[in-house]
file run.csv (CSV, C-alpha atoms)
chain,number,residue,atom,x,y,z
A,1,MET,CA,158.2,134.2,92.5
A,2,PRO,CA,154.7,134.6,91.0
A,3,ARG,CA,151.9,133.3,93.1
A,4,VAL,CA,150.2,130.2,91.7
A,5,ALA,CA,146.4,130.1,92.1
A,6,PRO,CA,145.1,127.0,93.9
A,7,PRO,CA,143.1,124.5,91.9
A,8,TYR,CA,139.4,125.2,91.5
A,9,GLY,CA,138.4,122.4,93.8
A,10,SER,CA,140.6,123.9,96.6
A,11,ARG,CA,138.9,127.2,96.2
A,12,VAL,CA,135.5,125.6,96.5
A,13,ASN,CA,136.4,123.6,99.6
A,14,SER,CA,137.8,126.7,101.2
A,15,MET,CA,134.4,128.5,100.9
A,16,PRO,CA,132.6,128.9,104.2
A,17,VAL,CA,129.8,126.4,104.8
A,18,TRP,CA,127.2,129.1,104.9
A,19,VAL,CA,128.2,130.2,101.4
A,20,ARG,CA,128.8,126.7,99.9
A,21,SER,CA,125.5,125.1,101.1
A,22,PRO,CA,123.1,127.6,99.5
A,23,LEU,CA,125.1,127.4,96.2
A,24,VAL,CA,124.8,123.7,96.2
A,25,LEU,CA,121.1,123.8,96.9
A,26,LEU,CA,120.5,126.4,94.3
A,27,ALA,CA,122.4,124.3,91.7
A,28,ALA,CA,120.6,121.1,92.7
A,29,TRP,CA,117.1,122.4,92.9
A,30,PRO,CA,116.3,122.6,89.1
A,31,MET,CA,117.6,119.0,88.6
A,32,ALA,CA,115.6,117.7,91.6
A,33,ALA,CA,112.5,119.5,90.4
A,34,ARG,CA,112.7,117.8,87.1
A,35,ALA,CA,113.1,114.3,88.6
A,36,GLY,CA,110.7,112.3,86.4
A,37,TRP,CA,109.0,109.6,88.4
A,38,GLN,CA,108.0,111.8,91.4
A,39,SER,CA,107.8,115.4,90.2
A,40,ALA,CA,104.9,117.8,89.9
A,41,LEU,CA,106.8,119.6,87.2
A,42,ASP,CA,106.9,116.5,85.0
A,43,PRO,CA,103.2,115.8,84.5
A,44,GLN,CA,102.1,112.6,82.9
A,45,GLY,CA,98.4,112.8,83.6
A,46,LEU,CA,95.4,115.0,82.8
A,47,GLN,CA,95.1,116.4,86.3
A,48,SER,CA,98.8,116.9,87.0
A,49,ASN,CA,99.2,118.8,83.7
A,50,GLU,CA,96.4,121.2,84.7
A,51,ILE,CA,97.9,121.7,88.2
A,52,ARG,CA,101.3,122.6,86.6
A,53,HIS,CA,99.6,124.9,84.1
A,54,THR,CA,97.8,126.7,87.0
A,55,LEU,CA,101.0,126.9,89.0
A,56,PHE,CA,102.9,128.5,86.2
A,57,ILE,CA,100.2,131.1,85.7
A,58,PHE,CA,100.3,132.0,89.4
A,59,LEU,CA,104.1,132.2,89.3
A,60,VAL,CA,104.3,134.5,86.3
A,61,VAL,CA,101.7,136.9,87.7
A,62,ALA,CA,103.3,136.9,91.1
A,63,ALA,CA,106.7,137.5,89.5
A,64,ILE,CA,105.4,140.4,87.5
A,65,VAL,CA,103.7,142.0,90.5
A,66,TRP,CA,106.9,141.5,92.6
A,67,ILE,CA,109.1,143.0,90.0
A,68,GLY,CA,106.8,146.0,89.7
A,69,VAL,CA,106.8,146.6,93.4
A,70,VAL,CA,110.6,146.4,93.6
A,71,VAL,CA,111.0,148.8,90.6
A,72,VAL,CA,108.6,151.3,92.2
A,73,LEU,CA,110.3,151.0,95.5
A,74,GLY,CA,113.7,151.5,93.9
A,75,ILE,CA,112.5,154.6,92.1
A,76,GLY,CA,111.1,156.0,95.4
A,77,LEU,CA,114.4,155.3,97.2
A,78,LEU,CA,116.6,156.8,94.4
A,79,ARG,CA,114.5,159.8,93.6
A,80,ARG,CA,115.8,163.1,94.9
A,81,LYS,CA,113.8,164.3,97.8
A,82,ARG,CA,112.3,167.7,97.5
A,83,THR,CA,111.9,169.8,100.6
A,84,PRO,CA,108.8,172.0,100.4
A,85,ASP,CA,108.9,175.6,101.6
A,86,GLN,CA,105.8,175.0,103.7
A,87,PRO,CA,105.6,171.3,104.8
A,88,LEU,CA,101.8,171.6,105.6
A,89,ASP,CA,100.9,173.0,102.2
A,90,LEU,CA,99.0,170.8,99.9
A,91,HIS,CA,100.2,170.4,96.3
A,92,GLU,CA,97.0,169.7,94.4
A,93,PRO,CA,98.6,168.4,91.2
A,94,PHE,CA,100.7,165.9,93.2
A,95,GLU,CA,97.8,164.8,95.3
A,96,GLN,CA,95.6,164.3,92.2
A,97,ARG,CA,98.3,162.2,90.5
A,98,ALA,CA,98.9,160.2,93.7
A,99,GLY,CA,95.1,159.6,94.0
A,100,ARG,CA,94.9,158.4,90.4
A,101,ILE,CA,97.8,156.0,90.9
A,102,VAL,CA,96.4,154.6,94.1
A,103,PHE,CA,93.0,154.1,92.5
A,104,GLY,CA,94.6,152.5,89.4
A,105,LEU,CA,96.7,150.1,91.5
A,106,GLY,CA,93.6,149.2,93.6
A,107,ALA,CA,91.7,148.4,90.4
A,108,ALA,CA,94.6,146.4,89.0
A,109,THR,CA,94.8,144.4,92.3
A,110,THR,CA,91.1,143.6,92.0
A,111,VAL,CA,91.5,142.5,88.4
A,112,VAL,CA,94.5,140.3,89.2
A,113,VAL,CA,92.8,138.6,92.2
A,114,LEU,CA,89.6,138.0,90.2
A,115,GLY,CA,91.7,136.7,87.2
A,116,LEU,CA,93.6,134.3,89.4
A,117,SER,CA,90.4,133.1,91.0
A,118,LEU,CA,88.9,132.3,87.6
A,119,VAL,CA,92.1,130.5,86.6
A,120,SER,CA,92.0,128.5,89.8
A,121,TYR,CA,88.3,127.7,89.4
A,122,ALA,CA,88.9,126.5,85.8
A,123,GLY,CA,91.8,124.3,86.9
A,124,GLN,CA,89.7,122.8,89.7
A,125,ARG,CA,87.0,121.9,87.3
A,126,THR,CA,89.4,119.7,85.4
A,127,VAL,CA,91.2,118.3,88.5
A,128,PHE,CA,87.9,117.4,90.3
A,129,ALA,CA,85.9,116.4,87.2
A,130,LYS,CA,83.8,113.2,87.5
A,131,ASP,CA,84.0,111.0,84.4
A,132,GLN,CA,82.1,107.9,83.4
A,133,ASN,CA,83.6,104.5,82.6
A,134,THR,CA,86.2,104.8,85.4
A,135,LEU,CA,88.3,102.1,87.0
A,136,ALA,CA,87.1,102.0,90.6
A,137,LEU,CA,89.7,101.5,93.4
A,138,LYS,CA,89.4,101.7,97.2
A,139,ILE,CA,92.6,102.6,99.0
A,140,ILE,CA,93.0,102.3,102.8
A,141,GLY,CA,96.0,103.8,104.5
A,142,HIS,CA,97.6,101.9,107.4
A,143,GLN,CA,100.6,102.6,109.5
A,144,TRP,CA,102.7,102.3,107.3
A,145,TRP,CA,101.4,100.6,104.1
A,146,TRP,CA,98.6,100.9,101.5
A,147,GLU,CA,95.8,98.4,101.0
A,148,VAL,CA,94.5,98.5,97.5
A,149,ARG,CA,91.1,97.1,96.6
A,150,TYR,CA,90.0,96.7,92.9
A,151,GLU,CA,86.3,96.9,92.9
A,152,ALA,CA,83.8,95.7,90.2
A,153,ASP,CA,80.2,94.8,89.9
A,154,SER,CA,81.0,91.2,89.6
A,155,PRO,CA,82.6,89.7,92.8
A,156,HIS,CA,85.0,87.5,90.9
A,157,GLN,CA,86.5,90.6,89.3
A,158,SER,CA,87.3,92.2,92.7
A,159,PHE,CA,90.5,91.5,94.5
A,160,VAL,CA,92.9,93.0,97.1
A,161,THR,CA,96.6,93.8,96.7
A,162,ALA,CA,99.0,96.1,98.5
A,163,ASN,CA,101.5,98.9,98.0
A,164,GLU,CA,101.2,98.8,94.2
A,165,ILE,CA,98.6,100.3,91.9
A,166,ARG,CA,98.3,99.2,88.3
A,167,ILE,CA,96.1,101.2,86.0
A,168,PRO,CA,95.4,101.4,82.3
A,169,THR,CA,96.5,104.4,80.3
A,170,GLY,CA,93.9,106.8,79.0
A,171,GLN,CA,91.1,105.6,81.3
A,172,PRO,CA,90.0,107.7,84.3
A,173,VAL,CA,90.7,106.1,87.7
A,174,LYS,CA,88.3,106.8,90.6
A,175,VAL,CA,90.0,106.3,94.0
A,176,GLU,CA,88.0,106.2,97.2
A,177,LEU,CA,90.3,107.0,100.1
A,178,GLU,CA,89.9,105.8,103.7
A,179,SER,CA,92.2,105.5,106.7
A,180,ALA,CA,92.4,102.6,109.2
A,181,ASP,CA,94.2,104.6,111.9
A,182,VAL,CA,95.5,108.2,111.6
A,183,ILE,CA,95.4,110.8,108.9
A,184,HIS,CA,97.4,109.9,105.8
A,185,SER,CA,97.6,111.8,102.4
A,186,PHE,CA,97.6,110.2,99.0
A,187,TRP,CA,99.9,111.9,96.5
A,188,VAL,CA,101.3,110.9,93.1
A,189,PRO,CA,102.9,114.2,91.9
A,190,SER,CA,103.3,113.1,88.3
A,191,LEU,CA,99.6,112.2,88.0
A,192,THR,CA,97.5,114.2,90.4
A,193,GLY,CA,97.4,116.4,93.5
A,194,LYS,CA,97.1,115.5,97.2
A,195,MET,CA,94.0,114.1,99.0
A,196,ASP,CA,93.8,113.3,102.7
A,197,LEU,CA,92.7,109.9,104.1
A,198,ILE,CA,90.7,110.6,107.3
A,199,THR,CA,89.4,108.1,109.7
A,200,GLY,CA,85.6,107.8,109.5
A,201,GLN,CA,85.4,109.8,106.3
A,202,LYS,CA,85.5,108.8,102.6
A,203,ASN,CA,87.3,111.1,100.2
A,204,GLU,CA,87.4,110.7,96.5
A,205,LEU,CA,90.0,111.4,93.9
A,206,GLN,CA,90.1,110.9,90.1
A,207,PHE,CA,93.1,110.9,87.8
A,208,THR,CA,94.1,109.7,84.3
A,209,ALA,CA,97.5,108.6,83.2
A,210,ASN,CA,98.4,109.7,79.7
A,211,ASN,CA,101.6,107.7,79.3
A,212,ALA,CA,102.7,104.2,80.3
A,213,GLY,CA,105.4,104.2,83.0
A,214,VAL,CA,106.1,103.8,86.7
A,215,TYR,CA,105.2,106.7,89.0
A,216,ARG,CA,106.1,107.0,92.6
A,217,GLY,CA,103.5,107.9,95.2
A,218,GLN,CA,104.0,109.0,98.8
A,219,CYS,CA,102.1,109.7,102.0
A,220,ALA,CA,102.3,113.5,102.2
A,221,GLU,CA,100.9,113.8,105.8
A,222,PHE,CA,103.1,113.0,108.8
A,223,CYS,CA,101.5,109.8,110.1
A,224,GLY,CA,104.1,108.5,112.6
A,225,LEU,CA,107.5,107.0,112.9
A,226,GLN,CA,107.8,105.5,109.4
A,227,HIS,CA,105.9,108.2,107.5
A,228,ALA,CA,108.9,108.6,105.1
A,229,HIS,CA,108.8,104.9,104.3
A,230,MET,CA,105.1,104.8,103.3
A,231,ALA,CA,105.4,104.9,99.6
A,232,PHE,CA,103.8,103.1,96.7
A,233,ALA,CA,104.2,102.6,92.9
A,234,VAL,CA,101.6,103.5,90.3
A,235,ILE,CA,102.3,101.4,87.2
A,236,ALA,CA,100.4,102.6,84.1
A,237,LEU,CA,100.1,100.0,81.5
A,238,PRO,CA,98.5,99.9,78.0
A,239,PRO,CA,94.9,98.7,78.3
A,240,ASP,CA,95.6,95.3,76.8
A,241,GLN,CA,98.5,94.6,79.2
A,242,PHE,CA,96.4,95.9,82.1
A,243,GLY,CA,93.6,93.5,81.2
A,244,GLN,CA,96.0,90.6,81.2
A,245,TRP,CA,97.4,91.6,84.5
A,246,ARG,CA,94.0,92.0,86.1
A,247,ASP,CA,92.9,88.6,84.8
A,248,HIS,CA,96.0,87.1,86.4
A,249,GLU,CA,95.6,89.0,89.6
A,250,ASN,CA,92.1,87.7,90.0
A,251,GLN,CA,93.4,84.1,90.2
A,252,SER,CA,94.2,82.4,93.5
A,253,ALA,CA,97.7,81.5,94.4
A,254,ASN,CA,99.2,78.4,92.9
A,255,SER,CA,100.0,75.6,95.3
A,256,PRO,CA,103.7,74.8,95.4
A,257,ALA,CA,104.7,71.5,93.6
A,258,ASP,CA,108.2,71.1,95.0
A,259,PRO,CA,109.1,69.8,98.5
A,260,LEU,CA,110.8,73.1,99.7
A,261,GLY,CA,107.8,75.1,98.5
A,262,LYS,CA,105.4,72.8,100.4
A,263,GLN,CA,107.5,73.1,103.5
A,264,GLY,CA,107.4,76.8,103.2
A,265,GLU,CA,103.6,76.9,102.9
A,266,ASP,CA,103.2,74.7,106.0
A,267,LEU,CA,105.7,76.9,107.9
A,268,PHE,CA,103.8,80.1,106.7
A,269,ARG,CA,100.7,78.8,108.4
A,270,GLY,CA,102.4,77.1,111.4
A,271,ARG,CA,104.6,80.0,112.4
A,272,GLY,CA,101.6,82.4,112.6
A,273,CYS,CA,102.1,84.3,109.3
A,274,ALA,CA,98.6,83.4,108.2
A,275,LEU,CA,97.1,85.1,111.2
A,276,CYS,CA,98.0,88.5,109.8
A,277,HIS,CA,98.4,87.9,106.0
A,278,SER,CA,96.0,86.6,103.4
A,279,ILE,CA,96.8,84.4,100.4
A,280,ARG,CA,93.8,83.7,98.3
A,281,GLY,CA,93.2,80.0,97.6
A,282,THR,CA,94.8,78.9,100.9
A,283,GLN,CA,93.9,78.7,104.5
A,284,ALA,CA,95.8,82.0,105.2
A,285,GLY,CA,93.1,84.6,105.8
A,286,GLY,CA,94.6,87.2,108.1
A,287,GLN,CA,93.4,90.8,107.7
A,288,LEU,CA,96.0,92.8,109.7
A,289,GLY,CA,98.8,92.9,107.2
A,290,PRO,CA,99.1,93.2,103.4
A,291,ASP,CA,97.6,90.6,101.1
A,292,LEU,CA,100.5,88.4,99.8
A,293,THR,CA,98.6,86.4,97.1
A,294,HIS,CA,101.0,87.7,94.3
A,295,ILE,CA,103.8,89.2,96.3
A,296,GLY,CA,106.4,87.7,94.1
A,297,GLY,CA,105.2,89.8,91.2
A,298,ARG,CA,105.6,93.2,93.0
A,299,THR,CA,108.5,95.6,92.6
A,300,THR,CA,109.1,96.6,96.2
A,301,VAL,CA,108.9,95.3,99.8
A,302,ALA,CA,107.7,97.1,102.9
A,303,ALA,CA,105.7,99.8,101.1
A,304,GLY,CA,108.5,101.0,98.8
A,305,THR,CA,111.2,100.8,101.4
A,306,LEU,CA,113.4,98.3,99.5
A,307,PRO,CA,113.3,96.9,95.9
A,308,LEU,CA,111.9,93.4,95.9
A,309,SER,CA,114.6,90.7,95.6
A,310,PRO,CA,115.3,87.4,97.3
A,311,ALA,CA,117.8,89.2,99.6
A,312,THR,CA,115.5,92.1,100.6
A,313,LEU,CA,112.5,89.8,101.1
A,314,GLY,CA,114.5,87.4,103.2
A,315,ALA,CA,115.9,90.3,105.3
A,316,TRP,CA,112.4,91.6,105.8
A,317,ILE,CA,111.0,88.3,106.9
A,318,ALA,CA,114.0,87.7,109.2
A,319,ASP,CA,114.0,91.1,111.0
A,320,PRO,CA,111.3,93.6,109.9
A,321,GLN,CA,112.0,95.9,112.9
A,322,HIS,CA,115.5,96.4,111.8
A,323,ILE,CA,114.4,97.6,108.4
A,324,LYS,CA,111.3,99.5,109.4
A,325,PRO,CA,111.3,100.2,113.2
A,326,GLY,CA,107.9,100.5,114.7
A,327,ASN,CA,105.9,98.6,112.1
A,328,LEU,CA,103.4,96.0,113.4
A,329,MET,CA,105.1,92.9,111.9
A,330,PRO,CA,107.0,91.2,114.8
A,331,LYS,CA,110.3,89.5,114.5
A,332,MET,CA,109.7,85.7,114.1
A,333,PRO,CA,112.1,83.2,115.7
A,334,LEU,CA,112.9,81.3,112.5
A,335,GLN,CA,115.8,78.9,111.9
A,336,SER,CA,117.8,79.4,108.8
A,337,ASP,CA,116.3,76.4,107.0
A,338,GLU,CA,112.8,77.6,107.9
A,339,LEU,CA,113.5,81.1,106.6
A,340,ILE,CA,114.8,79.7,103.3
A,341,ALA,CA,111.6,77.5,102.9
A,342,ILE,CA,109.2,80.4,103.6
A,343,LEU,CA,111.2,82.7,101.3
A,344,HIS,CA,111.1,80.1,98.5
A,345,TYR,CA,107.4,79.7,98.9
A,346,LEU,CA,106.7,83.5,98.8
A,347,GLU,CA,108.9,83.9,95.7
A,348,GLN,CA,106.6,81.5,93.8
A,349,LEU,CA,103.6,83.7,94.5
A,350,LYS,CA,103.6,85.6,91.2

call {"tool": "encode", "arguments": {"input": "run.csv", "output": "structure tokens"}}
result
Amino acid sequence: MPRVAPPYGSRVNSMPVWVRSPLVLLAAWPMAARAGWQSALDPQGLQSNEIRHTLFIFLVVAAIVWIGVVVVLGIGLLRRKRTPDQPLDLHEPFEQRAGRIVFGLGAATTVVVLGLSLVSYAGQRTVFAKDQNTLALKIIGHQWWWEVRYEADSPHQSFVTANEIRIPTGQPVKVELESADVIHSFWVPSLTGKMDLITGQKNELQFTANNAGVYRGQCAEFCGLQHAHMAFAVIALPPDQFGQWRDHENQSANSPADPLGKQGEDLFRGRGCALCHSIRGTQAGGQLGPDLTHIGGRTTVAAGTLPLSPATLGAWIADPQHIKPGNLMPKMPLQSDELIAILHYLEQLK
């Protein structure tokens, strides 16, 4: 009887792992590289576009050089070897040609290196340019969350938030970076390059978002157990929407009007939450943890670990060590009715 070929899926599954794994990675890499909201190959800012442009120039030049080397090597390997009658005899025409080739390649190497240096210098001038009329931010890295301070000449225009950065499109943003503990690294691939946060040192970074959208940032320097869960969102808004958000963010938290909300506010203070967290307009003035004045209006909880919802916020309050082991927020002994009241209170802080 004729042999029937197995289905395609069966042939794939029968491949050795050492063959199948590289093929899967090779197929997935282009799609992963183009992932929009955290991709250096999908620039949405002035600086990130310049970084990608410089990267592609280096890749093209390096590819041309590599192909040239491989071609010359192949010619040398395939070329028929000629055995001279006298091995110690010098062949002046060959030596002269070889000398000219070596000199030419040396000159070409010098030109390539100088050219790439000029390209890099031109790119850095754009990436590290200092513009006027910037939005001033101060970002402090903690294990494992981000403190974000909006600074202005007028004190009533300055406020503190956490783990989310909202910026206007088209306006340069100047970010002053500090660390409260270990070395962190601020990186928003779609908007700009990396910059380290070092204890006792102030570094500065500037970027401009061209298009409105949500871009994911990440700590790019291993900083401890929960390094992978130290993310943040950069939300670029049209200037008018950003102005409205900033005016609202400057306001203090509203006092709850319903009995459950009032009970939650009392429990928030009575159970010790106010010792670590600050809520503007209330007696909560802790400085160890993130500011919670408008936590209900954020998109994530625990520095990008989970999307913000009543379920995830409640789970975080009930047992933060289960979600993010090693963080500095202790597990509080709350009864179910107390947890519901505190959660209801925090949900109203928008």

call {"tool": "atom_distance", "arguments": {"input": "run.csv", "atom1": "atom CA of A:Leu177", "atom2": "atom CA of A:Gly281"}}
result
27.3 Å

call {"tool": "closest_residue", "arguments": {"input": "run.csv", "among": "A:Leu55, A:Leu105, A:Val71, A:Ile140", "to": "A:Gly193", "atoms": "only C-alpha atoms"}}
result
A:Leu55

call {"tool": "residues_near_point", "arguments": {"input": "run.csv", "point": "(97.6, 94.7, 82.2)", "cutoff": "12 Å", "atoms": "only C-alpha atoms", "output": "list in words"}}
result
Ile165, Arg166, Ile167, Pro168, Thr169, Ala212, Ile235, Ala236, Leu237, Pro238, Pro239, Asp240, Gln241, Phe242, Gly243, Gln244, Trp245, Arg246, Asp247, His248, Glu249 and Asn250 of chain A

call {"tool": "closest_residue", "arguments": {"input": "run.csv", "among": "A:Gln206, A:Ser117, A:Thr199, A:Ser154", "to": "A:Val173", "atoms": "only C-alpha atoms"}}
result
A:Gln206

call {"tool": "atom_distance", "arguments": {"input": "run.csv", "atom1": "atom CA of A:Ala62", "atom2": "atom CA of A:Val113"}}
result
10.7 Å

call {"tool": "residues_around", "arguments": {"input": "run.csv", "residues": "A:Pro172", "least_positions_apart": "4", "cutoff": "6 Å", "atoms": "only C-alpha atoms", "output": "PyMOL selection string"}}
result
chain A and resi 134+207-208

call {"tool": "residues_around", "arguments": {"input": "run.csv", "residues": "A:Trp316", "least_positions_apart": "6", "cutoff": "10 Å", "atoms": "all atoms listed in the file", "output": "PyMOL selection string"}}
result
chain A and resi 301-302+306+310+322-324+329+331

call {"tool": "residues_around", "arguments": {"input": "run.csv", "residues": "A:Ala220", "least_positions_apart": "5", "cutoff": "9 Å", "atoms": "all atoms listed in the file", "output": "PyMOL selection string"}}
result
chain A and resi 184-187+194-196+227-228

call {"tool": "closest_residue", "arguments": {"input": "run.csv", "among": "A:Gly217, A:Gly264, A:Gly123, A:Gly285", "to": "A:Leu334", "atoms": "all atoms listed in the file"}}
result
A:Gly264

call {"tool": "atom_distance", "arguments": {"input": "run.csv", "atom1": "atom CA of A:Gln47", "atom2": "atom CA of A:Lys130"}}
result
11.8 Å

call {"tool": "closest_residue", "arguments": {"input": "run.csv", "among": "A:Met230, A:Val70, A:Met332, A:Leu135", "to": "A:Asn163", "atoms": "only C-alpha atoms"}}
result
A:Met230

call {"tool": "residues_around", "arguments": {"input": "run.csv", "residues": "A:Leu118", "least_positions_apart": "5", "cutoff": "12 Å", "atoms": "only C-alpha atoms", "output": "list of chain:residue names"}}
result
A:Thr54, A:Ile57, A:Phe58, A:Val111, A:Val112, A:Val113, A:Gly123, A:Gln124, A:Arg125

call {"tool": "decode", "arguments": {"input": "run.csv", "residues": "stretch 45-79 of chain A", "atoms": "C-alpha atoms", "output": "PDB file, in the first residue's frame"}}
result
ATOM      1  CA  GLY A  45       9.171  60.330  19.663  1.00  0.00           C
ATOM      2  CA  LEU A  46      11.865  62.626  18.345  1.00  0.00           C
ATOM      3  CA  GLN A  47      14.683  60.921  20.261  1.00  0.00           C
ATOM      4  CA  SER A  48      13.560  57.334  19.612  1.00  0.00           C
ATOM      5  CA  ASN A  49      13.269  58.030  15.887  1.00  0.00           C
ATOM      6  CA  GLU A  50      16.849  59.308  15.832  1.00  0.00           C
ATOM      7  CA  ILE A  51      18.044  56.245  17.769  1.00  0.00           C
ATOM      8  CA  ARG A  52      16.385  53.888  15.273  1.00  0.00           C
ATOM      9  CA  HIS A  53      17.794  55.840  12.342  1.00  0.00           C
ATOM     10  CA  THR A  54      21.311  55.572  13.784  1.00  0.00           C
ATOM     11  CA  LEU A  55      20.825  51.866  14.526  1.00  0.00           C
ATOM     12  CA  PHE A  56      19.791  51.088  10.950  1.00  0.00           C
ATOM     13  CA  ILE A  57      22.809  52.935   9.539  1.00  0.00           C
ATOM     14  CA  PHE A  58      25.137  50.910  11.770  1.00  0.00           C
ATOM     15  CA  LEU A  59      23.356  47.667  10.827  1.00  0.00           C
ATOM     16  CA  VAL A  60      23.580  48.355   7.086  1.00  0.00           C
ATOM     17  CA  VAL A  61      27.262  49.275   7.227  1.00  0.00           C
ATOM     18  CA  ALA A  62      28.078  46.288   9.442  1.00  0.00           C
ATOM     19  CA  ALA A  63      26.147  43.966   7.107  1.00  0.00           C
ATOM     20  CA  ILE A  64      28.031  45.260   4.055  1.00  0.00           C
ATOM     21  CA  VAL A  65      31.386  44.820   5.797  1.00  0.00           C
ATOM     22  CA  TRP A  66      30.449  41.325   6.997  1.00  0.00           C
ATOM     23  CA  ILE A  67      29.267  40.236   3.532  1.00  0.00           C
ATOM     24  CA  GLY A  68      32.465  41.600   1.993  1.00  0.00           C
ATOM     25  CA  VAL A  69      34.624  39.688   4.466  1.00  0.00           C
ATOM     26  CA  VAL A  70      32.694  36.462   3.853  1.00  0.00           C
ATOM     27  CA  VAL A  71      32.950  36.853   0.064  1.00  0.00           C
ATOM     28  CA  VAL A  72      36.703  37.461   0.190  1.00  0.00           C
ATOM     29  CA  LEU A  73      37.153  34.549   2.579  1.00  0.00           C
ATOM     30  CA  GLY A  74      35.143  32.299   0.258  1.00  0.00           C
ATOM     31  CA  ILE A  75      37.218  33.335  -2.740  1.00  0.00           C
ATOM     32  CA  GLY A  76      40.374  32.588  -0.797  1.00  0.00           C
ATOM     33  CA  LEU A  77      39.138  29.146   0.217  1.00  0.00           C
ATOM     34  CA  LEU A  78      37.893  28.183  -3.250  1.00  0.00           C
ATOM     35  CA  ARG A  79      40.760  29.612  -5.238  1.00  0.00           C
TER      36      ARG A  79
END
